[in-house]
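Contents: one structure, followed by commentary.
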Amino acid sequence: MPSSPVIPFDDPTILFTNAGMNQFKDVFTGKTKLDTKRATTAQKCIRAGGKHNDLDNVGFTARHHTFFEMLGNFSFGDYFKEEAIYYAWEWITKELKLPKDKLYASVYETDDEAFELWGKIAPELKDGRILRFGKKDNYWTMGNLGPCGPCSEIHFDRGEKYGVGGEHVVNGETDRFVEIWNLVFMQYDQTPDGVIDLPNPSVDTGAGLERLAALMQGGDTNYNIDLFQHLIEAISEITKSKYEGDLKPSFHVVADHLRALTFAITDGAGISNEGQGYVLRRILRRAVRHGRLLGADEPFIHKLIPTLVNEMGEAYPEIREKESHVANVVRQEEESFDRTLDKGLVLFERIASDQKSKVIPGDEVFKLYDTYGFPYDLTEIMATEKGMTLDKEGFDKAMVDQQEKSRAGGKFDSAIQKIDSILDKENLDFPPTEFLRDGYTSESKILKVLQIGDDKNIEAVILDKSPFYIESGGQISDIGTLYTSDVSLTVKNLHAYKGMIVHECIVEKGDISNLQDGTIISTEVNAERRMAIQRNHTVTHLTQAALRSVLGPHIKQSGSYVGADRMRFDFSHHQPMTDDEIRKVETIVNNEILKSVTVATEVMNLEQAKATGAMALFGEKYSNDVRVVTIGDFSKELCGGTHVENISQIGSFFITLETGIASGVRRIEAITGTEALSYMMDAKSFRKQVATIVNRPEADSLAGVEQLKEQNILLQKELKKVKADMFSGGGSSVGTDTVVGEITFSTHYFDETDRDIMTAWIDSKKEMATPVFAIGLGLVGGKMTYIAAASSAAVDKQIHIGKITKELLSKFGGRGGGKPNFAQGSVENDTDPSKLFEMAQSFIK
């Protein structure tokens, strides 16, 4: 089977696809079924966030990566421990021909069955090379929740060349013994209520391609293999540095991180400040920093992408298809970070100069790391050059806090897991619910009614057939009613469970005990809401085709929401859409709607569907038979959702929002149907009101608004001049002057005022020829605003108003700072101006 994307769109419990089994998680738990009981994959993986986080090791060890390819074979209730061990041993010793005397096997400490099977299948290992380990090393979990079980690993001894002594052992921290294959015996499921047995014990194996290649090619590290050599050569050519000595780790970091960024962005990720995007930003910034160590003082990572595409584009054609898009996203982020990095160097100098001790606080070190991309070891080197050390304990605490925040990016709906847990205990074994796609009502048979909430009025109802659409592909679930002559239920949500549609209901009328298994019940979907959803779903297909026409073929969906009120469409694109581009998309879609084309739906074989040119959503899981939705000759997509019968039913279409949600990912929101009608009526009313205000015909009202704007700008300039003239000649009539040594200290509390008046007064003081230090305080827009200035003559007396301001305002619950001759900030609104002025005077003294 093909690799799933590295972005797990349908699994919110993890940030990235981190193992081959991720795409089979629901198969292992029995929630979904495949047409096969065995599978083999080469899975794209990223481990850089959450539980599986290798980021900080990358570049400095022989075998850690953020991006890697995991080879795996899987059994879904078919073969188990004996066959899995036999197959692994056979492949490693007969196909790869790795020497048996260099191999070790490890098992979970209480897994006697696996221990005995290794002795039976590989008697060569009975000389002490079958080892037992605890949960840390030989028990596998995907996350806090989900499939888990004991595992058995195969390790390779690379020889005494890589170390001798007590620390060089299997599962040790050195490079002598390398784990090359992990056989996970998937027996359990970790739920919020505890560990339960999986319905069918299964097998999940994982072998890192890069590690195996390093052994087969005789390399000291994974970075010596053929996959990395052209990348390292390209890095050397661009940076003019040689791959040798202390520079090797930086080469490794850049090569590895280039792969992670390219595959993640290709698969639909963006770069941002949260979740996956935050981790990818960290990865890119780490690569840029190591690029600078290699001598790259300008953006260069995007220039390496063609080399990677040449290396891996045949195996993964998607990176070739998205090459230009990925390069644009990476280049823009590099340019942005270059500016940030320069600011970080300035910040470090300030932090170092502000310290009264020789230790830089951990939170400041982490700020450099988190915001400006400075690795701890780099800051440590810079600190050492100044005779300073770092607060490692404080940094580690800040890092732990951030990791908790990052893990929170992988949200999980515990309510769904709780319902699944309740259903698991019932051992339900009903056939999949028949979805009645073409109707809004049915007469269905009740298979099971279960109480699922603490509130006795919340029930789960499972039927043999149902017209209710369950959330999938971005389209939200239906709502509606279930009823008999004496019981009425409101369907408020739907859940999928082992192919069954679980209707989550509130009891509105009657006694639920009257609904026995086998009872016939009437179902009715909220038809008006469903129709609104269908309008927005069908128009999503039209929108994607229009976006590809206007922006280019690189446009691919990165996420969507199809509701009754609007549709939201996330797509890969490296820059904001212009107003003209938005208008073109709207025009194209509305013109298509006017053609009144019938929406054709056909079920066909997956490969046959792709051969017809139907667009598949990248990363979506499709069965052998798929639904192809065709709209004339304009759009053809694989889609399991519900749609209008004719596109004229969509009505008008308007884009109401275009924004970026991450670097390389844009979002639009749009409306149709009655929402679009309301939008047009509001626009018509607004246009009429504006015309009335500017006293012009509607067609000429915009010119009237522009004229008002120009008049307002002129009046604002005149008003500003009047305010400035109030204080001409030094503003001697406003404020209090106190002589402090050779400095005249001027203060004034303006009470409620505006910033222009305060600025005019301050500017008059700053321009004086004598040494003057002035502070103004006033309520501007309800906020106690501080502004201060020093004349050139005062600055010559070594007055630094920015430093004074920073320390002064911190004493009054505020913050601020600035240059030697000008500073600004704010303080708590209840600050006593006289006390602030008094303390400022003491600072001047």
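Here, A, B, ... name the chains of the structure tokens in the order displayed, residue numbers run from 1 inside each chain, and ligands are numbered from 1 in the same displayed order.
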
For region 388-405 of chain A, find every residue with an atom within 6 Å (counting only C-alpha atoms), except residues of its own chain fewer than 2 positions away, and show them as a VMD selection string. chain A and resid 358 to 363 366 383 to 384 386 407 to 408

Kindly save the residues from that selection, with all heavy atoms included, as a PDB file, in the first residue's frame.
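What ended up in again.pdb:
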```pdb
ATOM      1  N   LYS A 358      27.079  36.914  36.292  1.00  0.00           N
ATOM      2  CA  LYS A 358      27.715  36.312  35.123  1.00  0.00           C
ATOM      3  C   LYS A 358      26.892  35.147  34.571  1.00  0.00           C
ATOM      4  O   LYS A 358      27.381  34.379  33.748  1.00  0.00           O
ATOM      5  CB  LYS A 358      29.120  35.812  35.502  1.00  0.00           C
ATOM      6  CG  LYS A 358      30.127  36.922  35.771  1.00  0.00           C
ATOM      7  CD  LYS A 358      30.453  37.684  34.489  1.00  0.00           C
ATOM      8  CE  LYS A 358      31.537  38.731  34.708  1.00  0.00           C
ATOM      9  NZ  LYS A 358      31.850  39.463  33.459  1.00  0.00           N
ATOM     10  N   VAL A 359      25.612  35.044  35.006  1.00  0.00           N
ATOM     11  CA  VAL A 359      24.742  33.951  34.554  1.00  0.00           C
ATOM     12  C   VAL A 359      23.558  34.535  33.801  1.00  0.00           C
ATOM     13  O   VAL A 359      22.825  35.376  34.323  1.00  0.00           O
ATOM     14  CB  VAL A 359      24.239  33.102  35.749  1.00  0.00           C
ATOM     15  CG1 VAL A 359      23.346  31.966  35.243  1.00  0.00           C
ATOM     16  CG2 VAL A 359      25.417  32.543  36.536  1.00  0.00           C
ATOM     17  N   ILE A 360      23.361  34.090  32.563  1.00  0.00           N
ATOM     18  CA  ILE A 360      22.215  34.546  31.776  1.00  0.00           C
ATOM     19  C   ILE A 360      21.006  33.687  32.142  1.00  0.00           C
ATOM     20  O   ILE A 360      21.069  32.455  32.070  1.00  0.00           O
ATOM     21  CB  ILE A 360      22.509  34.444  30.267  1.00  0.00           C
ATOM     22  CG1 ILE A 360      23.691  35.358  29.916  1.00  0.00           C
ATOM     23  CG2 ILE A 360      21.282  34.816  29.441  1.00  0.00           C
ATOM     24  CD1 ILE A 360      24.104  35.306  28.454  1.00  0.00           C
ATOM     25  N   PRO A 361      19.884  34.295  32.552  1.00  0.00           N
ATOM     26  CA  PRO A 361      18.718  33.530  33.015  1.00  0.00           C
ATOM     27  C   PRO A 361      18.183  32.562  31.949  1.00  0.00           C
ATOM     28  O   PRO A 361      18.246  32.842  30.747  1.00  0.00           O
ATOM     29  CB  PRO A 361      17.677  34.622  33.315  1.00  0.00           C
ATOM     30  CG  PRO A 361      18.477  35.864  33.536  1.00  0.00           C
ATOM     31  CD  PRO A 361      19.666  35.751  32.647  1.00  0.00           C
ATOM     32  N   GLY A 362      17.658  31.422  32.432  1.00  0.00           N
ATOM     33  CA  GLY A 362      17.162  30.380  31.532  1.00  0.00           C
ATOM     34  C   GLY A 362      16.036  30.837  30.635  1.00  0.00           C
ATOM     35  O   GLY A 362      15.952  30.436  29.471  1.00  0.00           O
ATOM     36  N   ASP A 363      15.140  31.713  31.161  1.00  0.00           N
ATOM     37  CA  ASP A 363      14.013  32.149  30.320  1.00  0.00           C
ATOM     38  C   ASP A 363      14.490  33.033  29.171  1.00  0.00           C
ATOM     39  O   ASP A 363      13.913  33.011  28.075  1.00  0.00           O
ATOM     40  CB  ASP A 363      12.967  32.882  31.162  1.00  0.00           C
ATOM     41  CG  ASP A 363      13.519  34.108  31.885  1.00  0.00           C
ATOM     42  OD1 ASP A 363      14.758  34.198  32.050  1.00  0.00           O
ATOM     43  OD2 ASP A 363      12.720  34.972  32.280  1.00  0.00           O
ATOM     44  N   PHE A 366      15.980  30.686  26.623  1.00  0.00           N
ATOM     45  CA  PHE A 366      14.915  30.011  25.885  1.00  0.00           C
ATOM     46  C   PHE A 366      14.251  30.953  24.896  1.00  0.00           C
ATOM     47  O   PHE A 366      13.841  30.532  23.809  1.00  0.00           O
ATOM     48  CB  PHE A 366      13.862  29.451  26.846  1.00  0.00           C
ATOM     49  CG  PHE A 366      12.788  28.664  26.133  1.00  0.00           C
ATOM     50  CD1 PHE A 366      13.044  27.383  25.675  1.00  0.00           C
ATOM     51  CD2 PHE A 366      11.547  29.222  25.882  1.00  0.00           C
ATOM     52  CE1 PHE A 366      12.088  26.666  24.983  1.00  0.00           C
ATOM     53  CE2 PHE A 366      10.576  28.521  25.201  1.00  0.00           C
ATOM     54  CZ  PHE A 366      10.847  27.229  24.745  1.00  0.00           C
ATOM     55  N   ALA A 383      28.050  33.187  25.033  1.00  0.00           N
ATOM     56  CA  ALA A 383      28.179  33.601  26.431  1.00  0.00           C
ATOM     57  C   ALA A 383      29.601  33.390  26.931  1.00  0.00           C
ATOM     58  O   ALA A 383      30.166  34.246  27.640  1.00  0.00           O
ATOM     59  CB  ALA A 383      27.187  32.828  27.292  1.00  0.00           C
ATOM     60  N   THR A 384      30.201  32.267  26.561  1.00  0.00           N
ATOM     61  CA  THR A 384      31.570  31.962  26.992  1.00  0.00           C
ATOM     62  C   THR A 384      32.547  33.028  26.502  1.00  0.00           C
ATOM     63  O   THR A 384      33.473  33.419  27.216  1.00  0.00           O
ATOM     64  CB  THR A 384      31.990  30.581  26.458  1.00  0.00           C
ATOM     65  OG1 THR A 384      31.093  29.596  26.971  1.00  0.00           O
ATOM     66  CG2 THR A 384      33.405  30.237  26.902  1.00  0.00           C
ATOM     67  N   LYS A 386      32.032  35.997  26.340  1.00  0.00           N
ATOM     68  CA  LYS A 386      31.888  37.173  27.210  1.00  0.00           C
ATOM     69  C   LYS A 386      32.169  36.835  28.667  1.00  0.00           C
ATOM     70  O   LYS A 386      31.884  37.627  29.564  1.00  0.00           O
ATOM     71  CB  LYS A 386      30.474  37.755  27.073  1.00  0.00           C
ATOM     72  CG  LYS A 386      30.192  38.360  25.707  1.00  0.00           C
ATOM     73  CD  LYS A 386      28.808  38.967  25.657  1.00  0.00           C
ATOM     74  CE  LYS A 386      28.574  39.687  24.332  1.00  0.00           C
ATOM     75  NZ  LYS A 386      29.418  40.892  24.180  1.00  0.00           N
ATOM     76  N   ARG A 407       2.580  19.650  22.575  1.00  0.00           N
ATOM     77  CA  ARG A 407       1.741  18.447  22.621  1.00  0.00           C
ATOM     78  C   ARG A 407       0.264  18.818  22.581  1.00  0.00           C
ATOM     79  O   ARG A 407      -0.561  18.081  22.059  1.00  0.00           O
ATOM     80  CB  ARG A 407       2.047  17.647  23.890  1.00  0.00           C
ATOM     81  CG  ARG A 407       3.176  16.647  23.693  1.00  0.00           C
ATOM     82  CD  ARG A 407       3.209  15.667  24.848  1.00  0.00           C
ATOM     83  NE  ARG A 407       3.764  16.259  26.043  1.00  0.00           N
ATOM     84  CZ  ARG A 407       5.066  16.291  26.313  1.00  0.00           C
ATOM     85  NH1 ARG A 407       5.927  15.790  25.470  1.00  0.00           N
ATOM     86  NH2 ARG A 407       5.507  16.841  27.418  1.00  0.00           N
ATOM     87  N   ALA A 408      -0.050  19.982  23.139  1.00  0.00           N
ATOM     88  CA  ALA A 408      -1.445  20.421  23.115  1.00  0.00           C
ATOM     89  C   ALA A 408      -1.908  20.698  21.693  1.00  0.00           C
ATOM     90  O   ALA A 408      -3.098  20.722  21.408  1.00  0.00           O
ATOM     91  CB  ALA A 408      -1.622  21.680  23.965  1.00  0.00           C
TER      92      ALA A 408
END
```

Need the shell around region 80-85 of chain A: protein/DNA/RNA residues with any atom at most 8 Å away, counting only C-alpha atoms. Skip same-chain ones fewer than 4 positions apart. Format as a PDB file with N, CA, C and O atoms, in the first residue's frame?
```
ATOM      1  N   SER A  75       0.076  -7.175   9.987  1.00  0.00           N
ATOM      2  CA  SER A  75      -0.929  -8.236  10.008  1.00  0.00           C
ATOM      3  C   SER A  75      -2.130  -7.721  10.787  1.00  0.00           C
ATOM      4  O   SER A  75      -2.002  -7.279  11.922  1.00  0.00           O
ATOM      5  N   TRP A  89      13.502 -12.595  10.569  1.00  0.00           N
ATOM      6  CA  TRP A  89      14.794 -13.290  10.591  1.00  0.00           C
ATOM      7  C   TRP A  89      15.176 -13.752   9.190  1.00  0.00           C
ATOM      8  O   TRP A  89      16.325 -13.618   8.765  1.00  0.00           O
ATOM      9  N   ALA A 114       7.541 -14.769  23.146  1.00  0.00           N
ATOM     10  CA  ALA A 114       8.474 -14.235  22.161  1.00  0.00           C
ATOM     11  C   ALA A 114       9.889 -14.734  22.424  1.00  0.00           C
ATOM     12  O   ALA A 114      10.642 -15.054  21.492  1.00  0.00           O
ATOM     13  N   LEU A 117      10.123 -18.260  21.135  1.00  0.00           N
ATOM     14  CA  LEU A 117      10.050 -18.307  19.675  1.00  0.00           C
ATOM     15  C   LEU A 117      11.376 -17.910  19.038  1.00  0.00           C
ATOM     16  O   LEU A 117      11.790 -18.495  18.024  1.00  0.00           O
ATOM     17  N   TRP A 118      12.062 -16.943  19.610  1.00  0.00           N
ATOM     18  CA  TRP A 118      13.375 -16.568  19.073  1.00  0.00           C
ATOM     19  C   TRP A 118      14.356 -17.740  19.191  1.00  0.00           C
ATOM     20  O   TRP A 118      15.133 -18.009  18.260  1.00  0.00           O
ATOM     21  N   ILE A 121      13.289 -20.203  16.351  1.00  0.00           N
ATOM     22  CA  ILE A 121      13.480 -19.760  14.965  1.00  0.00           C
ATOM     23  C   ILE A 121      14.934 -19.399  14.673  1.00  0.00           C
ATOM     24  O   ILE A 121      15.436 -19.630  13.564  1.00  0.00           O
ATOM     25  N   LEU A 183       9.519  -5.228  16.017  1.00  0.00           N
ATOM     26  CA  LEU A 183       8.318  -6.025  15.778  1.00  0.00           C
ATOM     27  C   LEU A 183       7.359  -5.768  16.939  1.00  0.00           C
ATOM     28  O   LEU A 183       7.628  -6.166  18.067  1.00  0.00           O
ATOM     29  N   PHE A 185       3.884  -6.363  18.770  1.00  0.00           N
ATOM     30  CA  PHE A 185       2.783  -7.308  18.838  1.00  0.00           C
ATOM     31  C   PHE A 185       1.574  -6.566  19.422  1.00  0.00           C
ATOM     32  O   PHE A 185       1.429  -6.418  20.637  1.00  0.00           O
ATOM     33  N   PRO A 201      -5.553  -9.781  17.746  1.00  0.00           N
ATOM     34  CA  PRO A 201      -4.125  -9.491  17.916  1.00  0.00           C
ATOM     35  C   PRO A 201      -3.460  -9.340  16.551  1.00  0.00           C
ATOM     36  O   PRO A 201      -3.703 -10.132  15.633  1.00  0.00           O
ATOM     37  N   SER A 202      -2.640  -8.306  16.428  1.00  0.00           N
ATOM     38  CA  SER A 202      -2.074  -7.973  15.127  1.00  0.00           C
ATOM     39  C   SER A 202      -0.591  -7.689  15.253  1.00  0.00           C
ATOM     40  O   SER A 202      -0.030  -7.697  16.352  1.00  0.00           O
ATOM     41  N   VAL A 203       0.034  -7.441  14.107  1.00  0.00           N
ATOM     42  CA  VAL A 203       1.475  -7.198  14.071  1.00  0.00           C
ATOM     43  C   VAL A 203       1.751  -5.902  13.327  1.00  0.00           C
ATOM     44  O   VAL A 203       1.173  -5.632  12.272  1.00  0.00           O
TER      45      VAL A 203
END
```

I want to know what sits within 9 Å of region 341-350 of chain A, based on only C-alpha atoms, with residues of the same chain fewer than 2 positions away left out; could you give that as a list in words?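 Near region 341-350 of chain A, the qualifying residues are Arg285, Arg289, Ser336, Phe337, Asp338, Arg339, Ala352, Ser353, Asp354, Gln355, Glu364, Val365, Leu368, Thr371, Tyr372, Gly373, Phe374, Thr379, Met382 and Ala383 of chain A.
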
Could you pull out the alpha helix (DSSP H) residues of region 176-373 of chain A from DSSP and send them as a ChimeraX atom specification? /A:209-217,226-239,248-266,275-293,305-312,317-321,323-354,362-372

Tell me, in Å to one decimal, how far CA of Tyr483 (chain A) is from CA of Ile533 (chain A).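 Calculated distance between CA of Tyr483 (chain A) and CA of Ile533 (chain A) is 23.6 Å.
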
So that I can check the secondary structure, give me every residue of region 428-629 of chain A assigned strand (DSSP E) by backbone DSSP, as JSON, numbers by chain. {"A": [434, 435, 441, 442, 443, 444, 445, 446, 447, 448, 449, 450, 451, 458, 459, 460, 461, 462, 463, 465, 466, 480, 481, 482, 483, 488, 489, 490, 491, 492, 493, 494, 495, 496, 497, 500, 501, 502, 503, 504, 505, 506, 507, 508, 509, 520, 521, 522, 523, 524, 525, 557, 558, 559, 560, 561, 562, 567, 568, 569, 570, 571, 572, 599, 600, 601, 602, 603, 604, 605, 625, 626, 627, 628, 629]}

Those residues with C-alpha atoms, as a PDB file, in the first residue's frame please?
```
ATOM      1  CA  GLU A 434     -26.607   1.256   5.136  1.00  0.00           C
ATOM      2  CA  PHE A 435     -26.404   4.947   4.220  1.00  0.00           C
ATOM      3  CA  THR A 441     -36.375  10.046   5.526  1.00  0.00           C
ATOM      4  CA  SER A 442     -36.609   6.317   6.162  1.00  0.00           C
ATOM      5  CA  GLU A 443     -38.300   3.601   8.160  1.00  0.00           C
ATOM      6  CA  SER A 444     -35.416   1.863   9.922  1.00  0.00           C
ATOM      7  CA  LYS A 445     -34.938  -0.969  12.371  1.00  0.00           C
ATOM      8  CA  ILE A 446     -33.342  -0.274  15.768  1.00  0.00           C
ATOM      9  CA  LEU A 447     -30.349  -2.539  16.382  1.00  0.00           C
ATOM     10  CA  LYS A 448     -29.249  -1.069  19.733  1.00  0.00           C
ATOM     11  CA  VAL A 449     -30.045   1.781  22.138  1.00  0.00           C
ATOM     12  CA  LEU A 450     -27.392   2.741  24.708  1.00  0.00           C
ATOM     13  CA  GLN A 451     -27.146   5.460  27.337  1.00  0.00           C
ATOM     14  CA  ILE A 458     -28.619  11.328  26.037  1.00  0.00           C
ATOM     15  CA  GLU A 459     -28.778   8.069  24.095  1.00  0.00           C
ATOM     16  CA  ALA A 460     -26.883   6.349  21.280  1.00  0.00           C
ATOM     17  CA  VAL A 461     -29.098   4.724  18.677  1.00  0.00           C
ATOM     18  CA  ILE A 462     -27.782   2.290  16.040  1.00  0.00           C
ATOM     19  CA  LEU A 463     -30.004   1.527  13.041  1.00  0.00           C
ATOM     20  CA  LYS A 465     -30.083   1.928   7.650  1.00  0.00           C
ATOM     21  CA  SER A 466     -30.058   5.713   7.901  1.00  0.00           C
ATOM     22  CA  GLY A 480     -32.702  15.784  12.563  1.00  0.00           C
ATOM     23  CA  THR A 481     -35.171  13.540  14.392  1.00  0.00           C
ATOM     24  CA  LEU A 482     -35.974   9.896  15.119  1.00  0.00           C
ATOM     25  CA  TYR A 483     -39.531   9.152  16.189  1.00  0.00           C
ATOM     26  CA  SER A 488     -39.321  11.482  19.858  1.00  0.00           C
ATOM     27  CA  LEU A 489     -35.520  11.941  19.736  1.00  0.00           C
ATOM     28  CA  THR A 490     -33.458  14.855  18.411  1.00  0.00           C
ATOM     29  CA  VAL A 491     -30.311  13.707  16.594  1.00  0.00           C
ATOM     30  CA  LYS A 492     -27.637  16.194  17.637  1.00  0.00           C
ATOM     31  CA  ASN A 493     -24.483  14.392  16.501  1.00  0.00           C
ATOM     32  CA  LEU A 494     -23.229  11.270  14.723  1.00  0.00           C
ATOM     33  CA  HIS A 495     -20.262   8.957  15.345  1.00  0.00           C
ATOM     34  CA  ALA A 496     -18.679   6.257  13.197  1.00  0.00           C
ATOM     35  CA  TYR A 497     -17.984   2.960  14.898  1.00  0.00           C
ATOM     36  CA  MET A 500     -21.962   1.657  12.004  1.00  0.00           C
ATOM     37  CA  ILE A 501     -23.570   5.110  12.223  1.00  0.00           C
ATOM     38  CA  VAL A 502     -24.152   5.925  15.885  1.00  0.00           C
ATOM     39  CA  HIS A 503     -26.903   8.545  16.298  1.00  0.00           C
ATOM     40  CA  GLU A 504     -26.293  10.625  19.437  1.00  0.00           C
ATOM     41  CA  CYS A 505     -29.756  11.722  20.530  1.00  0.00           C
ATOM     42  CA  ILE A 506     -31.598  13.758  23.147  1.00  0.00           C
ATOM     43  CA  VAL A 507     -34.915  12.337  24.341  1.00  0.00           C
ATOM     44  CA  GLU A 508     -37.552  14.983  23.669  1.00  0.00           C
ATOM     45  CA  LYS A 509     -40.719  12.970  24.362  1.00  0.00           C
ATOM     46  CA  ILE A 520     -39.163   0.225  13.503  1.00  0.00           C
ATOM     47  CA  ILE A 521     -38.481   3.943  13.874  1.00  0.00           C
ATOM     48  CA  SER A 522     -38.961   6.861  11.472  1.00  0.00           C
ATOM     49  CA  THR A 523     -35.945   9.013  10.598  1.00  0.00           C
ATOM     50  CA  GLU A 524     -35.974  12.545   9.229  1.00  0.00           C
ATOM     51  CA  VAL A 525     -32.922  14.630   8.332  1.00  0.00           C
ATOM     52  CA  GLN A 557      -6.616  21.218  -0.887  1.00  0.00           C
ATOM     53  CA  SER A 558      -5.037  21.268   2.583  1.00  0.00           C
ATOM     54  CA  GLY A 559      -8.262  21.132   4.559  1.00  0.00           C
ATOM     55  CA  SER A 560     -11.886  22.126   4.360  1.00  0.00           C
ATOM     56  CA  TYR A 561     -15.082  22.764   6.263  1.00  0.00           C
ATOM     57  CA  VAL A 562     -18.465  22.368   4.606  1.00  0.00           C
ATOM     58  CA  MET A 567     -17.638  26.725   3.219  1.00  0.00           C
ATOM     59  CA  ARG A 568     -13.966  27.017   4.135  1.00  0.00           C
ATOM     60  CA  PHE A 569     -11.196  25.882   1.808  1.00  0.00           C
ATOM     61  CA  ASP A 570      -7.497  25.706   2.760  1.00  0.00           C
ATOM     62  CA  PHE A 571      -5.030  25.353  -0.087  1.00  0.00           C
ATOM     63  CA  SER A 572      -1.330  25.407  -0.818  1.00  0.00           C
ATOM     64  CA  VAL A 599     -24.078  17.072 -11.117  1.00  0.00           C
ATOM     65  CA  ALA A 600     -23.227  13.519 -12.220  1.00  0.00           C
ATOM     66  CA  THR A 601     -22.174  10.883  -9.710  1.00  0.00           C
ATOM     67  CA  GLU A 602     -20.737   7.510 -10.710  1.00  0.00           C
ATOM     68  CA  VAL A 603     -19.266   4.634  -8.712  1.00  0.00           C
ATOM     69  CA  MET A 604     -16.211   3.019 -10.285  1.00  0.00           C
ATOM     70  CA  ASN A 605     -12.930   1.283  -9.507  1.00  0.00           C
ATOM     71  CA  ASP A 625     -14.762   1.424  -5.308  1.00  0.00           C
ATOM     72  CA  VAL A 626     -15.086   5.202  -5.227  1.00  0.00           C
ATOM     73  CA  ARG A 627     -17.642   7.857  -6.107  1.00  0.00           C
ATOM     74  CA  VAL A 628     -16.679  10.244  -8.907  1.00  0.00           C
ATOM     75  CA  VAL A 629     -18.488  13.605  -8.879  1.00  0.00           C
TER      76      VAL A 629
END
```

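CA of Thr239 (chain A) is positioned 5.6 Å from CA of Gly295 (chain A).
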
How many Å separate CA of Ala760 (chain A) from CA of Gln798 (chain A)? 24.3 Å

Any idea what's packed within 12 Å of region 161-166 of chain A, counting only C-alpha atoms, ignoring anything in its chain fewer than 4 positions away? Could you give it as number ranges by chain? A: 62, 157, 170, 172-178, 220-221

Skipping near chain neighbours, those fewer than 3 positions away, what residues fall within 12 Å of Leu231 (chain A) using only C-alpha atoms, listed as number ranges by chain? A: 223-228, 234-238, 243, 251-259, 301, 303-312

Can you pull out every residue within 8 Å of Gln23 (chain A), counting only C-alpha atoms, but drop anything in the same chain fewer than 3 positions away, and send it as a VMD selection string? chain A and resid 4 20 26

With distances taken over only C-alpha atoms, which of A:Asn695, A:Asp565, A:Gln824, A:Leu145 is nearest to Glu669 (chain A)?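 Nearest candidate to Glu669 (chain A) out of A:Asn695, A:Asp565, A:Gln824, A:Leu145: A:Asp565.
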
For a quick check of understanding, using only C-alpha atoms, which of A:Thr32, A:Gln276, A:Thr759, A:Ser764 has the smallest distance to Phe16 (chain A)?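 Of all the options, A:Gln276 lies closest to Phe16 (chain A).
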